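Chemist: Take a look at this one; I'll ask things after.
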Amino acid sequence: KIDIDVGFVMFDPFLTIEEMMKNIHFFRKWNLIKSNQWPFRPLVANKGSYMYETLKNFGLLKDADINYMSSAYDFKDKKVQEVFSIINSLSEPSRPIFYALKVISKRQFSREKKDIQTLLAQRYVEENAEIFLELMEKLYYHFQDSTSYNIKDTVAASQQKIADLILSLKQDIDQGRIVDSSGFISEQIEKNQDIETYEGVAVTRRQAGERRRK
């Protein structure tokens, strides 16, 4: 049997917080995490597309990315904007690590030909994706009932889960279960260890300390 790679857009500019939860339910119902380990991907607004022009008319366009001929944008639903900002900031420092693992996990689509390293890399990206799915769910419930979840504590708990996952990954690299011949993943792990999230924003530990003292 051959596995498939599924594209899934979790966030679009006009998504409501309720629709976001429906997306998560759909993602879980069909177990898409096996075929898509990036469940927090936003829609790309390419220059010249219908969506780009629509966002332009709504005044939602932000900075342009000349490398991809696209633009960042604000979300119409302010709750979705806050959720996306938290998810994007929290995922950014470790993104190179898990994307490199995703590349390893996609070396073989035939289940019979996947080796231990490929399966281990897939397990890591799936566990990382699950952390963000769970966080999005908790943020949804926060906006439905602001007393149910404290955003700061919720984000900190998710960050700790990511840190624990990366620590386990480092051990697997050190013990040779995942081969990092170029040293890229190890280098990114070292960079990531200097990052923490302060009030939903990824900053260096030094910057976080300075913000707390203010």
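Just remember, in the structure tokens the first chain shown is A, the second B, etc., residues are 1-based per chain, and ligands are 1-based in the order shown.
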List the spatial neighbours of A:Ala45 as a PDB file with N, CA and C atoms, in the first residue's frame - criterion: any atom at most 8 Å away, only C-alpha atoms, same-chain residues fewer than 2 positions off excluded.

Modeler:
```pdb
ATOM      1  N   LEU A  43      -3.922  29.967   4.362  1.00  0.00           N
ATOM      2  CA  LEU A  43      -4.076  30.154   2.920  1.00  0.00           C
ATOM      3  C   LEU A  43      -3.048  31.183   2.447  1.00  0.00           C
ATOM      4  N   LYS A  47      -0.173  37.218  -5.274  1.00  0.00           N
ATOM      5  CA  LYS A  47      -0.486  38.446  -6.002  1.00  0.00           C
ATOM      6  C   LYS A  47      -1.168  38.113  -7.326  1.00  0.00           C
ATOM      7  N   SER A  49      -4.190  36.859  -7.596  1.00  0.00           N
ATOM      8  CA  SER A  49      -5.265  35.884  -7.404  1.00  0.00           C
ATOM      9  C   SER A  49      -6.544  36.583  -6.956  1.00  0.00           C
ATOM     10  N   MET A  51      -8.305  35.872  -4.335  1.00  0.00           N
ATOM     11  CA  MET A  51      -8.236  36.119  -2.898  1.00  0.00           C
ATOM     12  C   MET A  51      -7.402  37.358  -2.587  1.00  0.00           C
ATOM     13  N   TYR A  52      -6.314  37.529  -3.325  1.00  0.00           N
ATOM     14  CA  TYR A  52      -5.453  38.705  -3.124  1.00  0.00           C
ATOM     15  C   TYR A  52      -6.245  39.989  -3.369  1.00  0.00           C
ATOM     16  N   SER A  70       3.502  36.880  -2.812  1.00  0.00           N
ATOM     17  CA  SER A  70       2.293  36.796  -1.998  1.00  0.00           C
ATOM     18  C   SER A  70       2.364  37.859  -0.909  1.00  0.00           C
ATOM     19  N   SER A  71       1.287  37.970  -0.146  1.00  0.00           N
ATOM     20  CA  SER A  71       1.243  38.953   0.931  1.00  0.00           C
ATOM     21  C   SER A  71       0.663  38.334   2.196  1.00  0.00           C
ATOM     22  N   ALA A  72       1.178  38.798   3.332  1.00  0.00           N
ATOM     23  CA  ALA A  72       0.555  38.451   4.609  1.00  0.00           C
ATOM     24  C   ALA A  72      -0.753  39.226   4.697  1.00  0.00           C
TER      25      ALA A  72
END
```

Chemist: Write down as a PDB file with C-alpha atoms, in the first residue's frame the residues of stretch 4-213 of chain A whose backbone DSSP state falls under alpha helix (DSSP H).

Modeler:
```pdb
ATOM      1  CA  ILE A  17     -13.611  30.813  15.208  1.00  0.00           C
ATOM      2  CA  GLU A  18     -16.511  28.345  14.911  1.00  0.00           C
ATOM      3  CA  GLU A  19     -15.375  27.281  11.415  1.00  0.00           C
ATOM      4  CA  MET A  20     -11.870  26.754  12.764  1.00  0.00           C
ATOM      5  CA  MET A  21     -13.248  24.233  15.263  1.00  0.00           C
ATOM      6  CA  LYS A  22     -15.168  22.490  12.461  1.00  0.00           C
ATOM      7  CA  ASN A  23     -11.902  22.231  10.518  1.00  0.00           C
ATOM      8  CA  ILE A  24     -10.234  20.615  13.527  1.00  0.00           C
ATOM      9  CA  HIS A  25     -13.113  18.145  13.924  1.00  0.00           C
ATOM     10  CA  PHE A  26     -12.883  17.271  10.203  1.00  0.00           C
ATOM     11  CA  PHE A  27      -9.120  16.839  10.482  1.00  0.00           C
ATOM     12  CA  ARG A  28      -9.509  14.482  13.434  1.00  0.00           C
ATOM     13  CA  LYS A  29     -12.516  12.585  12.040  1.00  0.00           C
ATOM     14  CA  TYR A  50      -8.946  36.403  -6.632  1.00  0.00           C
ATOM     15  CA  MET A  51      -8.236  36.119  -2.898  1.00  0.00           C
ATOM     16  CA  TYR A  52      -5.453  38.705  -3.124  1.00  0.00           C
ATOM     17  CA  GLU A  53      -7.752  41.212  -4.808  1.00  0.00           C
ATOM     18  CA  THR A  54     -10.540  40.454  -2.308  1.00  0.00           C
ATOM     19  CA  LEU A  55      -8.217  41.070   0.641  1.00  0.00           C
ATOM     20  CA  LYS A  56      -7.020  44.254  -1.009  1.00  0.00           C
ATOM     21  CA  ASN A  57     -10.609  45.491  -1.306  1.00  0.00           C
ATOM     22  CA  PHE A  58     -11.244  44.675   2.370  1.00  0.00           C
ATOM     23  CA  LYS A  78     -10.285  39.075  15.524  1.00  0.00           C
ATOM     24  CA  LYS A  79     -10.490  35.860  17.563  1.00  0.00           C
ATOM     25  CA  VAL A  80      -9.050  33.873  14.661  1.00  0.00           C
ATOM     26  CA  GLN A  81      -6.377  36.547  14.293  1.00  0.00           C
ATOM     27  CA  GLU A  82      -5.325  36.064  17.895  1.00  0.00           C
ATOM     28  CA  VAL A  83      -5.321  32.267  17.623  1.00  0.00           C
ATOM     29  CA  PHE A  84      -3.264  32.379  14.426  1.00  0.00           C
ATOM     30  CA  SER A  85      -0.795  34.894  15.892  1.00  0.00           C
ATOM     31  CA  ILE A  86      -0.213  32.637  18.911  1.00  0.00           C
ATOM     32  CA  ILE A  87       0.125  29.476  16.788  1.00  0.00           C
ATOM     33  CA  ASN A  88       2.413  31.172  14.280  1.00  0.00           C
ATOM     34  CA  SER A  89       4.665  32.671  16.946  1.00  0.00           C
ATOM     35  CA  LEU A  90       4.893  29.457  18.945  1.00  0.00           C
ATOM     36  CA  SER A  91       5.606  27.261  15.912  1.00  0.00           C
ATOM     37  CA  ARG A  95       9.505  25.037  12.338  1.00  0.00           C
ATOM     38  CA  PRO A  96      12.864  24.294  10.632  1.00  0.00           C
ATOM     39  CA  ILE A  97      13.357  21.271  12.931  1.00  0.00           C
ATOM     40  CA  PHE A  98      10.007  19.653  12.233  1.00  0.00           C
ATOM     41  CA  TYR A  99      10.026  20.530   8.547  1.00  0.00           C
ATOM     42  CA  ALA A 100      13.392  18.757   8.216  1.00  0.00           C
ATOM     43  CA  LEU A 101      11.853  15.746   9.972  1.00  0.00           C
ATOM     44  CA  LYS A 102       8.856  15.937   7.639  1.00  0.00           C
ATOM     45  CA  VAL A 103      11.216  15.710   4.656  1.00  0.00           C
ATOM     46  CA  ILE A 104      12.785  12.575   6.178  1.00  0.00           C
ATOM     47  CA  SER A 105       9.333  11.079   6.814  1.00  0.00           C
ATOM     48  CA  ILE A 116      12.986   2.923  11.399  1.00  0.00           C
ATOM     49  CA  GLN A 117      14.320   6.441  10.829  1.00  0.00           C
ATOM     50  CA  THR A 118      11.476   7.356   8.467  1.00  0.00           C
ATOM     51  CA  LEU A 119       8.840   6.041  10.880  1.00  0.00           C
ATOM     52  CA  LEU A 120      10.491   7.797  13.837  1.00  0.00           C
ATOM     53  CA  ALA A 121      10.624  11.115  11.957  1.00  0.00           C
ATOM     54  CA  GLN A 122       6.942  10.735  11.084  1.00  0.00           C
ATOM     55  CA  ARG A 123       6.090  10.063  14.726  1.00  0.00           C
ATOM     56  CA  TYR A 124       7.808  13.289  15.758  1.00  0.00           C
ATOM     57  CA  VAL A 125       6.026  15.479  13.209  1.00  0.00           C
ATOM     58  CA  GLU A 126       2.688  13.884  14.095  1.00  0.00           C
ATOM     59  CA  GLU A 127       3.219  14.502  17.820  1.00  0.00           C
ATOM     60  CA  ASN A 128       4.186  18.104  17.097  1.00  0.00           C
ATOM     61  CA  ALA A 129       1.051  18.551  14.982  1.00  0.00           C
ATOM     62  CA  GLU A 130      -1.080  17.090  17.773  1.00  0.00           C
ATOM     63  CA  ILE A 131       0.306  19.680  20.219  1.00  0.00           C
ATOM     64  CA  PHE A 132      -0.906  22.484  17.968  1.00  0.00           C
ATOM     65  CA  LEU A 133      -4.296  20.903  17.288  1.00  0.00           C
ATOM     66  CA  GLU A 134      -4.844  20.598  21.031  1.00  0.00           C
ATOM     67  CA  LEU A 135      -3.708  24.186  21.584  1.00  0.00           C
ATOM     68  CA  MET A 136      -6.108  25.495  18.928  1.00  0.00           C
ATOM     69  CA  GLU A 137      -8.953  23.617  20.601  1.00  0.00           C
ATOM     70  CA  LYS A 138      -8.109  25.110  23.999  1.00  0.00           C
ATOM     71  CA  LEU A 139      -7.863  28.613  22.552  1.00  0.00           C
ATOM     72  CA  TYR A 140     -11.290  28.108  20.972  1.00  0.00           C
ATOM     73  CA  TYR A 141     -12.774  27.192  24.346  1.00  0.00           C
ATOM     74  CA  HIS A 142     -11.037  30.163  25.915  1.00  0.00           C
ATOM     75  CA  PHE A 143     -12.927  32.478  23.565  1.00  0.00           C
ATOM     76  CA  GLN A 144     -16.173  30.651  24.220  1.00  0.00           C
ATOM     77  CA  ILE A 151      -4.039  31.798  27.504  1.00  0.00           C
ATOM     78  CA  LYS A 152      -0.643  32.425  29.088  1.00  0.00           C
ATOM     79  CA  ASP A 153      -0.664  29.109  30.996  1.00  0.00           C
ATOM     80  CA  THR A 154      -2.063  27.213  28.001  1.00  0.00           C
ATOM     81  CA  VAL A 155       0.652  28.500  25.661  1.00  0.00           C
ATOM     82  CA  ALA A 156       3.356  27.807  28.257  1.00  0.00           C
ATOM     83  CA  ALA A 157       2.141  24.212  28.623  1.00  0.00           C
ATOM     84  CA  SER A 158       2.242  23.712  24.843  1.00  0.00           C
ATOM     85  CA  GLN A 159       5.708  25.207  24.669  1.00  0.00           C
ATOM     86  CA  GLN A 160       6.889  22.766  27.331  1.00  0.00           C
ATOM     87  CA  LYS A 161       5.491  19.840  25.331  1.00  0.00           C
ATOM     88  CA  ILE A 162       7.405  21.048  22.260  1.00  0.00           C
ATOM     89  CA  ALA A 163      10.584  21.417  24.343  1.00  0.00           C
ATOM     90  CA  ASP A 164      10.185  17.867  25.690  1.00  0.00           C
ATOM     91  CA  LEU A 165       9.649  16.557  22.159  1.00  0.00           C
ATOM     92  CA  ILE A 166      12.789  18.315  20.920  1.00  0.00           C
ATOM     93  CA  LEU A 167      14.794  16.955  23.869  1.00  0.00           C
ATOM     94  CA  SER A 168      13.686  13.430  22.950  1.00  0.00           C
ATOM     95  CA  LEU A 169      14.643  14.120  19.325  1.00  0.00           C
ATOM     96  CA  LYS A 170      18.110  15.294  20.393  1.00  0.00           C
ATOM     97  CA  GLN A 171      18.600  12.031  22.272  1.00  0.00           C
ATOM     98  CA  ASP A 172      17.560  10.024  19.200  1.00  0.00           C
ATOM     99  CA  ILE A 173      20.057  11.970  17.072  1.00  0.00           C
ATOM    100  CA  ASP A 174      22.830  11.475  19.652  1.00  0.00           C
ATOM    101  CA  PHE A 184      21.237  21.037  10.267  1.00  0.00           C
ATOM    102  CA  ILE A 185      18.701  19.632  12.745  1.00  0.00           C
ATOM    103  CA  SER A 186      21.202  19.736  15.631  1.00  0.00           C
ATOM    104  CA  GLU A 187      22.044  23.340  14.780  1.00  0.00           C
ATOM    105  CA  GLN A 188      18.357  24.290  14.782  1.00  0.00           C
ATOM    106  CA  ILE A 189      17.839  22.487  18.107  1.00  0.00           C
ATOM    107  CA  GLU A 190      20.640  24.561  19.630  1.00  0.00           C
ATOM    108  CA  LYS A 191      19.035  27.772  18.341  1.00  0.00           C
ATOM    109  CA  ASN A 192      15.635  26.676  19.618  1.00  0.00           C
ATOM    110  CA  ARG A 205      15.438  34.171  26.802  1.00  0.00           C
ATOM    111  CA  ARG A 206      17.288  37.439  27.296  1.00  0.00           C
ATOM    112  CA  GLN A 207      14.473  39.440  25.694  1.00  0.00           C
ATOM    113  CA  ALA A 208      11.894  37.604  27.825  1.00  0.00           C
ATOM    114  CA  GLY A 209      13.816  38.510  30.979  1.00  0.00           C
ATOM    115  CA  GLU A 210      13.970  42.164  29.961  1.00  0.00           C
ATOM    116  CA  ARG A 211      10.209  42.245  29.301  1.00  0.00           C
ATOM    117  CA  ARG A 212       9.448  40.713  32.696  1.00  0.00           C
ATOM    118  CA  ARG A 213      11.566  43.327  34.481  1.00  0.00           C
TER     119      ARG A 213
END
```

Chemist: Rank nothing, just name the residue among A:Val6, A:Pro39, A:Thr16, A:Gly176 nearest to A:Asp77, using only C-alpha atoms.

Modeler: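 Distance minimum relative to A:Asp77 lands on A:Thr16.
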
Chemist: Write out as a list of chain:residue names the set of residues from stretch 58-183 of chain A that DSSP, computed on the backbone, places in strand (DSSP E or B).

Modeler: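 Going through stretch 58-183 of chain A, the strand (DSSP E or B) residues come out as A:Leu61, A:Lys62, A:Asp63, A:Ala64, A:Asp65, A:Ser70, A:Ser71, A:Ala72, A:Tyr73, A:Ser110.
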